[in-house]
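Engineer: Below is the file data.cif, with mmCIF, C-alpha atoms and all ligand atoms.
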data_work
loop_
_atom_site.label_atom_id
_atom_site.label_comp_id
_atom_site.auth_asym_id
_atom_site.auth_seq_id
_atom_site.Cartn_x
_atom_site.Cartn_y
_atom_site.Cartn_z
CA ASP Y 1 -51.61 -58.28 -6.67
CA TRP Y 2 -50.08 -55.92 -4.16
CA THR Y 3 -52.06 -52.78 -3.42
CA PRO Y 4 -51.32 -50.12 -0.80
CA ASP Y 5 -54.81 -50.45 0.67
CA GLN Y 6 -54.47 -54.18 1.21
CA PHE Y 7 -51.01 -53.78 2.60
CA ILE Y 8 -52.20 -51.16 5.07
CA GLU Y 9 -55.21 -53.21 6.15
CA SER Y 10 -53.29 -56.40 6.79
CA THR Y 11 -50.26 -54.68 8.31
CA VAL Y 12 -52.35 -52.64 10.73
CA ALA Y 13 -54.20 -55.79 11.80
CA ASP Y 14 -50.92 -57.65 12.30
CA LEU Y 15 -49.41 -54.78 14.26
CA ARG Y 16 -52.43 -54.63 16.53
CA ALA Y 17 -52.22 -58.34 17.21
CA GLN Y 18 -48.47 -58.23 17.75
CA ILE Y 19 -48.27 -55.15 19.95
CA GLY Y 20 -51.57 -55.28 21.81
CA SER Y 21 -51.59 -52.62 24.49
CA ASP Y 22 -47.77 -52.31 24.71
CA LYS Y 23 -45.94 -49.05 24.16
CA VAL Y 24 -43.72 -48.47 21.13
CA ILE Y 25 -40.91 -45.94 20.74
CA LEU Y 26 -39.89 -44.69 17.31
CA GLY Y 27 -37.31 -42.17 16.14
CA LEU Y 28 -38.56 -39.91 13.37
CA SER Y 29 -36.02 -38.41 11.00
CA GLY Y 30 -38.22 -36.31 8.74
CA GLY Y 31 -37.60 -38.81 5.96
CA VAL Y 32 -40.10 -40.94 4.10
CA ASP Y 33 -39.41 -44.31 5.73
CA SER Y 34 -39.64 -43.40 9.38
CA SER Y 35 -42.70 -41.24 8.70
CA VAL Y 36 -44.59 -44.02 6.93
CA ALA Y 37 -43.59 -46.59 9.55
CA ALA Y 38 -44.84 -44.24 12.25
CA MET Y 39 -48.20 -43.65 10.54
CA LEU Y 40 -48.78 -47.38 10.13
CA ILE Y 41 -48.04 -48.10 13.77
CA HIS Y 42 -50.09 -45.06 14.75
CA GLN Y 43 -53.09 -46.45 12.87
CA ALA Y 44 -52.69 -49.68 14.78
CA ILE Y 45 -52.09 -48.43 18.32
CA GLY Y 46 -52.63 -44.64 18.38
CA LYS Y 47 -51.17 -42.81 21.36
CA ASN Y 48 -49.21 -45.84 22.54
CA LEU Y 49 -46.76 -44.97 19.82
CA TYR Y 50 -44.25 -42.50 21.26
CA CYS Y 51 -42.32 -40.74 18.50
CA ILE Y 52 -39.09 -38.86 19.14
CA PHE Y 53 -37.78 -36.30 16.66
CA VAL Y 54 -34.32 -34.98 17.48
CA ASP Y 55 -33.08 -31.61 16.27
CA ASN Y 56 -29.38 -32.22 15.73
CA GLY Y 57 -28.81 -28.68 14.49
CA LEU Y 58 -27.71 -30.10 11.14
CA LEU Y 59 -31.03 -30.10 9.33
CA ARG Y 60 -32.12 -27.80 6.52
CA LYS Y 61 -33.37 -24.31 7.27
CA ASN Y 62 -36.70 -24.42 9.19
CA GLU Y 63 -36.83 -28.17 8.67
CA PHE Y 64 -37.21 -29.16 12.30
CA GLU Y 65 -40.10 -26.78 12.98
CA ASP Y 66 -41.87 -27.49 9.68
CA VAL Y 67 -41.63 -31.23 9.93
CA LEU Y 68 -42.55 -31.33 13.60
CA HIS Y 69 -45.63 -29.33 12.71
CA SER Y 70 -46.56 -31.78 9.93
CA TYR Y 71 -46.13 -34.71 12.30
CA LYS Y 72 -48.47 -33.12 14.80
CA ASP Y 73 -50.98 -32.40 12.05
CA MET Y 74 -50.83 -36.06 11.12
CA GLY Y 75 -51.97 -36.84 14.65
CA LEU Y 76 -48.73 -38.45 15.76
CA ASN Y 77 -47.80 -38.49 19.41
CA VAL Y 78 -44.41 -36.86 18.86
CA LYS Y 79 -41.89 -35.14 21.06
CA GLY Y 80 -39.41 -32.72 19.47
CA VAL Y 81 -36.08 -32.64 21.25
CA ASP Y 82 -33.73 -29.70 20.81
CA ALA Y 83 -30.26 -31.22 21.11
CA LYS Y 84 -28.46 -28.80 18.79
CA ASN Y 85 -25.83 -27.75 21.28
CA LEU Y 86 -24.94 -31.29 22.29
CA PHE Y 87 -24.21 -32.08 18.64
CA TYR Y 88 -22.27 -28.85 18.07
CA ASP Y 89 -20.19 -29.48 21.20
CA ALA Y 90 -19.40 -33.02 20.13
CA LEU Y 91 -18.44 -31.86 16.63
CA ALA Y 92 -16.26 -28.95 17.70
CA GLY Y 93 -12.85 -29.18 16.07
CA LEU Y 94 -13.53 -32.44 14.21
CA THR Y 95 -12.60 -32.42 10.52
CA ASP Y 96 -12.41 -36.07 9.53
CA PRO Y 97 -15.68 -37.18 7.87
CA GLU Y 98 -15.86 -40.50 9.69
CA ALA Y 99 -15.00 -38.87 13.01
CA LYS Y 100 -17.88 -36.44 12.43
CA ARG Y 101 -20.26 -39.32 11.61
CA LYS Y 102 -19.19 -41.22 14.73
CA ALA Y 103 -19.62 -38.18 16.97
CA ILE Y 104 -23.09 -37.53 15.58
CA GLY Y 105 -24.08 -41.18 15.95
CA LYS Y 106 -22.92 -41.26 19.54
CA VAL Y 107 -24.77 -38.10 20.59
CA PHE Y 108 -27.87 -39.34 18.83
CA ILE Y 109 -27.77 -42.58 20.78
CA ASP Y 110 -27.31 -40.74 24.07
CA VAL Y 111 -30.16 -38.33 23.38
CA PHE Y 112 -32.46 -41.04 22.11
CA ASP Y 113 -31.68 -43.31 25.03
CA GLN Y 114 -32.40 -40.57 27.51
CA GLU Y 115 -35.68 -39.70 25.80
CA SER Y 116 -36.75 -43.32 25.58
CA HIS Y 117 -36.35 -43.62 29.35
CA GLN Y 118 -39.13 -41.04 29.67
CA VAL Y 119 -41.55 -43.56 28.21
CA GLU Y 120 -42.29 -45.90 31.03
CA ASP Y 121 -42.57 -49.60 30.27
CA ALA Y 122 -41.97 -49.38 26.54
CA LYS Y 123 -41.72 -52.82 25.00
CA TRP Y 124 -41.00 -52.16 21.34
CA LEU Y 125 -38.75 -50.10 19.10
CA GLY Y 126 -40.39 -49.15 15.80
CA GLN Y 127 -38.10 -48.75 12.78
CA GLY Y 128 -38.54 -47.67 9.18
CA THR Y 129 -36.28 -50.40 7.75
CA ILE Y 130 -37.22 -51.16 4.13
CA TYR Y 131 -36.43 -54.19 1.96
CA PRO Y 132 -33.25 -52.86 0.32
CA ASP Y 133 -31.89 -52.16 3.83
CA VAL Y 134 -32.44 -55.81 4.62
CA ILE Y 135 -31.04 -57.50 1.51
CA GLU Y 136 -27.92 -55.47 1.01
CA SER Y 137 -26.48 -52.70 3.04
CA VAL Y 138 -27.52 -49.92 0.69
CA SER Y 139 -28.00 -47.83 3.75
CA VAL Y 140 -24.76 -48.92 5.35
CA LYS Y 141 -24.39 -45.33 6.31
CA GLY Y 142 -27.92 -45.00 7.61
CA PRO Y 143 -28.78 -44.20 11.20
CA SER Y 144 -29.20 -47.85 12.18
CA ALA Y 145 -25.74 -48.65 10.84
CA THR Y 146 -24.29 -45.77 12.78
CA ILE Y 147 -25.97 -47.20 15.81
CA LYS Y 148 -24.53 -50.64 15.17
CA SER Y 149 -21.00 -49.37 15.00
CA HIS Y 150 -21.42 -48.20 18.57
CA HIS Y 151 -22.75 -51.45 19.99
CA ASN Y 152 -19.63 -52.21 21.91
CA VAL Y 153 -19.04 -48.76 23.34
CA GLY Y 154 -20.02 -49.23 26.97
CA GLY Y 155 -22.69 -51.82 26.27
CA LEU Y 156 -26.02 -51.57 24.54
CA PRO Y 157 -28.20 -48.52 25.22
CA ASP Y 158 -31.44 -49.60 26.84
CA TYR Y 159 -33.67 -48.82 23.89
CA MET Y 160 -31.74 -51.27 21.76
CA LYS Y 161 -32.80 -54.06 24.09
CA LEU Y 162 -36.41 -53.49 23.05
CA GLN Y 163 -38.08 -55.81 20.59
CA VAL Y 164 -37.95 -54.41 17.10
CA VAL Y 165 -41.02 -53.84 14.95
CA GLU Y 166 -40.36 -53.04 11.26
CA PRO Y 167 -43.60 -52.81 9.27
CA LEU Y 168 -41.92 -51.76 5.98
CA LYS Y 169 -39.39 -54.58 5.89
CA THR Y 170 -40.85 -56.13 2.71
CA LEU Y 171 -41.32 -52.94 0.71
CA PHE Y 172 -39.32 -51.07 -1.88
CA LYS Y 173 -39.09 -47.30 -1.76
CA ASP Y 174 -41.77 -46.66 -4.39
CA GLU Y 175 -44.15 -48.93 -2.47
CA VAL Y 176 -43.35 -47.10 0.75
CA ARG Y 177 -44.27 -43.84 -1.00
CA LEU Y 178 -47.56 -45.33 -2.24
CA VAL Y 179 -48.42 -46.55 1.24
CA GLY Y 180 -47.56 -43.13 2.66
CA LYS Y 181 -49.72 -41.36 0.11
CA THR Y 182 -52.61 -43.69 0.82
CA LEU Y 183 -52.18 -43.02 4.54
CA GLY Y 184 -52.60 -39.30 3.80
CA ILE Y 185 -49.05 -38.24 4.59
CA PRO Y 186 -48.43 -34.85 2.95
CA ASP Y 187 -46.43 -34.66 -0.30
CA THR Y 188 -43.91 -32.41 1.41
CA ILE Y 189 -42.82 -35.50 3.33
CA ILE Y 190 -43.51 -38.28 0.80
CA GLY Y 191 -41.82 -36.56 -2.15
CA ARG Y 192 -38.76 -35.27 -0.40
CA HIS Y 193 -35.24 -35.95 -1.57
CA PRO Y 194 -33.07 -38.29 0.48
CA PHE Y 195 -31.07 -36.45 3.12
CA PRO Y 196 -28.12 -37.97 4.98
CA GLY Y 197 -28.46 -38.74 8.67
CA PRO Y 198 -25.39 -36.62 9.58
CA GLY Y 199 -27.06 -33.82 7.65
CA LEU Y 200 -25.17 -30.65 6.87
CA ALA Y 201 -22.18 -31.86 8.90
CA ILE Y 202 -20.95 -33.84 5.89
CA ARG Y 203 -21.68 -30.92 3.54
CA ILE Y 204 -19.49 -28.54 5.51
CA LEU Y 205 -16.01 -29.68 4.60
CA GLY Y 206 -13.75 -29.38 7.57
CA ASP Y 207 -14.88 -28.42 11.05
CA ILE Y 208 -18.43 -27.51 11.98
CA THR Y 209 -19.51 -24.31 13.66
CA PRO Y 210 -23.04 -22.98 14.17
CA GLU Y 211 -22.11 -20.00 11.95
CA LYS Y 212 -21.12 -22.27 9.07
CA VAL Y 213 -24.33 -24.24 9.51
CA ALA Y 214 -26.33 -21.02 9.32
CA ILE Y 215 -24.57 -19.94 6.11
CA LEU Y 216 -25.07 -23.31 4.46
CA GLN Y 217 -28.72 -23.40 5.51
CA GLU Y 218 -29.32 -20.11 3.70
CA VAL Y 219 -27.51 -21.27 0.57
CA ASP Y 220 -29.28 -24.62 0.54
CA HIS Y 221 -32.63 -22.95 1.13
CA ILE Y 222 -32.21 -20.71 -1.92
CA PHE Y 223 -31.18 -23.66 -4.09
CA ILE Y 224 -33.95 -26.02 -2.94
CA SER Y 225 -36.68 -23.34 -3.02
CA SER Y 226 -35.64 -22.42 -6.55
CA LEU Y 227 -35.83 -26.06 -7.62
CA LYS Y 228 -39.33 -26.24 -6.17
CA ASN Y 229 -40.48 -22.92 -7.64
CA THR Y 230 -39.34 -23.86 -11.13
CA GLY Y 231 -40.83 -27.36 -11.03
CA LEU Y 232 -37.40 -29.00 -11.23
CA TYR Y 233 -37.41 -30.49 -7.74
CA ASP Y 234 -39.24 -33.70 -8.68
CA GLN Y 235 -36.89 -34.36 -11.60
CA VAL Y 236 -33.91 -34.46 -9.28
CA TRP Y 237 -33.02 -37.42 -7.05
CA GLN Y 238 -31.12 -35.35 -4.57
CA ALA Y 239 -29.74 -31.83 -4.37
CA GLY Y 240 -27.85 -29.73 -1.90
CA ALA Y 241 -24.95 -27.41 -1.33
CA MET Y 242 -21.47 -27.92 0.06
CA LEU Y 243 -19.59 -25.29 2.03
CA LEU Y 244 -15.96 -25.51 0.99
CA PRO Y 245 -13.06 -24.97 3.38
CA ILE Y 246 -11.47 -22.30 1.20
CA GLN Y 247 -11.91 -18.64 0.49
CA SER Y 248 -11.47 -16.91 -2.81
CA VAL Y 249 -11.03 -13.37 -3.98
CA GLY Y 250 -13.98 -11.43 -5.28
CA VAL Y 251 -14.91 -7.83 -5.84
CA MET Y 252 -17.74 -5.73 -4.46
CA GLY Y 253 -17.92 -2.08 -5.47
CA ASP Y 254 -14.34 -0.83 -5.28
CA GLU Y 255 -13.37 -3.37 -2.70
CA ARG Y 256 -11.81 -6.75 -2.90
CA THR Y 257 -13.49 -9.47 -0.91
CA TYR Y 258 -12.02 -12.71 0.35
CA GLU Y 259 -14.92 -14.98 1.12
CA ARG Y 260 -16.37 -18.46 1.02
CA VAL Y 261 -17.08 -20.73 -1.93
CA VAL Y 262 -20.11 -23.00 -2.12
CA ALA Y 263 -20.62 -25.90 -4.50
CA LEU Y 264 -24.08 -26.86 -5.67
CA ARG Y 265 -24.79 -30.53 -6.35
CA ALA Y 266 -27.84 -32.05 -8.02
CA VAL Y 267 -28.01 -35.62 -9.28
CA THR Y 268 -30.39 -38.01 -10.97
CA SER Y 269 -30.41 -41.60 -9.77
CA ILE Y 270 -32.57 -44.67 -9.31
CA ASP Y 271 -31.24 -45.86 -5.99
CA GLY Y 272 -28.33 -43.64 -4.98
CA MET Y 273 -25.81 -46.37 -5.82
CA THR Y 274 -24.95 -44.70 -9.11
CA ALA Y 275 -25.86 -41.17 -10.08
CA ASP Y 276 -25.48 -38.69 -12.90
CA TRP Y 277 -24.93 -35.00 -12.39
CA CYS Y 278 -28.07 -33.22 -13.32
CA HIS Y 279 -28.03 -31.00 -16.42
CA LEU Y 280 -29.89 -28.12 -14.82
CA PRO Y 281 -30.60 -25.24 -17.20
CA TYR Y 282 -27.89 -22.55 -17.32
CA GLU Y 283 -30.48 -19.84 -16.72
CA PHE Y 284 -31.62 -21.59 -13.59
CA LEU Y 285 -28.06 -21.96 -12.31
CA ALA Y 286 -27.35 -18.33 -13.09
CA ASP Y 287 -30.37 -17.16 -11.12
CA VAL Y 288 -29.56 -19.35 -8.14
CA SER Y 289 -25.93 -18.24 -8.14
CA ASN Y 290 -26.92 -14.56 -8.25
CA GLU Y 291 -29.42 -14.95 -5.48
CA ILE Y 292 -26.93 -16.78 -3.26
CA ILE Y 293 -24.16 -14.25 -3.77
CA ASN Y 294 -26.52 -11.29 -3.31
CA LYS Y 295 -28.30 -12.60 -0.25
CA VAL Y 296 -25.92 -14.77 1.72
CA ARG Y 297 -23.30 -12.74 3.50
CA GLY Y 298 -19.87 -14.30 3.43
CA VAL Y 299 -20.26 -16.16 0.13
CA ASN Y 300 -18.78 -14.62 -3.02
CA ARG Y 301 -18.47 -17.61 -5.36
CA VAL Y 302 -20.74 -20.46 -6.46
CA VAL Y 303 -19.60 -23.51 -8.45
CA TYR Y 304 -21.61 -26.43 -9.84
CA ASP Y 305 -20.47 -30.03 -9.43
CA ILE Y 306 -20.45 -31.88 -12.76
CA SER Y 307 -19.14 -35.24 -11.56
CA SER Y 308 -21.10 -38.45 -11.67
CA LYS Y 309 -21.05 -41.47 -9.36
CA PRO Y 310 -18.89 -43.42 -9.75
CA PRO Y 311 -16.18 -42.34 -9.43
CA ALA Y 312 -17.38 -39.34 -7.42
CA THR Y 313 -19.93 -39.87 -4.64
CA ILE Y 314 -23.08 -37.84 -4.15
CA GLU Y 315 -21.86 -36.26 -0.93
CA TRP Y 316 -18.42 -34.66 -0.75
CA GLU Y 317 -17.59 -36.35 2.53
P1 LIG Y 401 -22.76 -41.17 -1.42
O1 LIG Y 401 -22.18 -39.88 -0.98
O2 LIG Y 401 -22.09 -42.35 -0.78
O3 LIG Y 401 -24.25 -41.18 -0.87
O4 LIG Y 401 -22.85 -41.31 -2.92
C1 LIG Y 401 -25.24 -42.09 -1.28
C2 LIG Y 401 -26.51 -41.75 -0.53
O5 LIG Y 401 -26.32 -41.96 0.85
C3 LIG Y 401 -26.51 -40.76 1.57
N1 LIG Y 401 -25.52 -40.71 2.62
C4 LIG Y 401 -25.79 -40.95 3.91
N2 LIG Y 401 -26.95 -41.24 4.53
N3 LIG Y 401 -25.81 -41.32 6.60
C5 LIG Y 401 -26.96 -41.40 5.87
O6 LIG Y 401 -28.01 -41.64 6.47
C6 LIG Y 401 -24.61 -41.05 6.04
O7 LIG Y 401 -23.58 -40.98 6.72
C7 LIG Y 401 -24.61 -40.85 4.62
N4 LIG Y 401 -23.63 -40.57 3.72
C8 LIG Y 401 -24.21 -40.49 2.51
C9 LIG Y 401 -26.33 -39.65 0.55
O8 LIG Y 401 -27.01 -38.46 0.94
C10 LIG Y 401 -26.91 -40.29 -0.69
O9 LIG Y 401 -28.33 -40.23 -0.68
#
How would this structure read if it were set down as structure tokens?

Structural biologist:
Amino acid sequence: DWTPDQFIESTVADLRAQIGSDKVILGLSGGVDSSVAAMLIHQAIGKNLYCIFVDNGLLRKNEFEDVLHSYKDMGLNVKGVDAKNLFYDALAGLTDPEAKRKAIGKVFIDVFDQESHQVEDAKWLGQGTIYPDVIESVSVKGPSATIKSHHNVGGLPDYMKLQVVEPLKTLFKDEVRLVGKTLGIPDTIIGRHPFPGPGLAIRILGDITPEKVAILQEVDHIFISSLKNTGLYDQVWQAGAMLLPIQSVGVMGDERTYERVVALRAVTSIDGMTADWCHLPYEFLADVSNEIINKVRGVNRVVYDISSKPPATIEWE
């Protein structure tokens, strides 16, 4: 029978044999898969694994700093790269969801390629591909897919010419989590909700500006912290907030306001392919809504998304 301990033991031995004293490059996303893949390869080859974690400016509030810190605590040889402005520049004025995804994918490739050139003589590219990614394209929209759609733009970036090493290729998500737990990866990383590669860019409907990102980060932070504080976080598959491209009238004191609307979304799901809207308690929603409207300047209305997938999707873009 499959056990995480056995899997780790045999995989680490295989990786050692396969990689020897070569150098491996791996892009960390903050998600479960890339983190577990990194820890496995790290166990096998230590500092010869060069991890790259890119701040695209579209992550949750404090996420980049917090996760980078966790990675360092885990002993990973990781470089954090602040590329926020490159992403913001590339996104400026774009409103079409696919155009935003493409722009983000392209900047990511450029940044990653440049960083990978700093690692002399790297031979391998580590990836957190898991079994469902292999059998069907569940993660069609995942980072690797984004990368593929750019293959023919000016030839292959150099890092994609490296040999690929994918230690999680035979595992399902729950097995990946077990392996991660056994490897001592903190729960804050193992238990986290899925988060889309393009991040908050596809939760800000319309064009992206750093100001909008900052507003959405505050809203999202209140929502997610409240889910954690009330013990609801682990019952939800995925949650987040959308910043809508409209304003609505409100009132504050004697004054009328004309400010932004945010939509909260929380779903339950097994695999993200179908999902039900989550019946969060009214009291909880009321508290979150009050806190958002009281604390986040520029937002005067909060709505809750009660659509399931299909026919709606989890993300709004
Ligand atoms: P939808 O919105 O299609 O999302 O119901 C299903 C799952 O996929 C995630 N998602 C993405 N992940 N790049 C990603 O890496 C993307 O472009 C992307 N779009 C959606 C979404 O967060 C959900 O978990």

Engineer: For ligand LIG 401 (chain Y), which residue out of Y:Ile246, Y:Val302, Y:Val164, Y:Ala266 is the nearest one, using only C-alpha atoms and all ligand atoms?

Structural biologist: Y:Ala266

Engineer: Please determine, counting only C-alpha atoms and all ligand atoms, which residue among Y:Gly250, Y:Ile189, Y:Met160, Y:Gly31 has the shortest atom-to-atom distance to ligand LIG 401 (chain Y).

Structural biologist: Y:Gly31

Engineer: Which residue out of Y:Leu76, Y:Leu183, Y:Ile109, Y:Leu200 has the minimum interatomic distance to ligand LIG 401 (chain Y) when all atoms listed in the file are used?

Structural biologist: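 Among Y:Leu76, Y:Leu183, Y:Ile109, Y:Leu200, it is Y:Leu200 that comes nearest to ligand LIG 401 (chain Y).
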
Engineer: Would you please work out which residue, of Y:Trp237, Y:Tyr282, Y:Tyr50, Y:Phe223, is nearest to ligand LIG 401 (chain Y) when using all atoms listed in the file?

Structural biologist: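 Nearest candidate to ligand LIG 401 (chain Y) out of Y:Trp237, Y:Tyr282, Y:Tyr50, Y:Phe223: Y:Trp237.
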
Engineer: One number please: CA of Asp121 in chain Y to CA of Val78 in chain Y, in Å, one decimal.

Structural biologist: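 The value is 17.2 Å.
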
Engineer: Provide an axis-aligned box for all listed atoms of range 115-134 of chain Y, padding each side by 8 Å; report its centre and its edge lengths in Å to one decimal, as JSON.

Structural biologist:
{"center_x": -37.2, "center_y": -47.8, "center_z": 15.7, "size_x": 26.7, "size_y": 32.1, "size_z": 46.7}

Engineer: Pick the closest to ligand LIG 401 (chain Y) from Y:His69, Y:Arg101, Y:His117, Y:Lys79: which is it, counting all atoms listed in the file?

Structural biologist: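 Going through Y:His69, Y:Arg101, Y:His117, Y:Lys79 one by one, the smallest distance to ligand LIG 401 (chain Y) is for Y:Arg101.
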
Engineer: How far is it from atom C10 of ligand LIG 401 (chain Y) to CA of Leu216 in chain Y, in Å with one decimal?

Structural biologist: 17.8 Å

Engineer: Pick out the residues sitting within 6 Å of Trp124 in chain Y, and hand them over as a CSV table (one decimal) with C-alpha atoms, in the frame of the given file; count all atoms listed in the file, and ignore anything fewer than 4 positions along from it in its own chain.

Structural biologist:
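Output contents, as saved in part.csv:
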chain,number,residue,atom,x,y,z
Y,24,VAL,CA,-43.7,-48.5,21.1
Y,162,LEU,CA,-36.4,-53.5,23.0
Y,163,GLN,CA,-38.1,-55.8,20.6
Y,164,VAL,CA,-38.0,-54.4,17.1
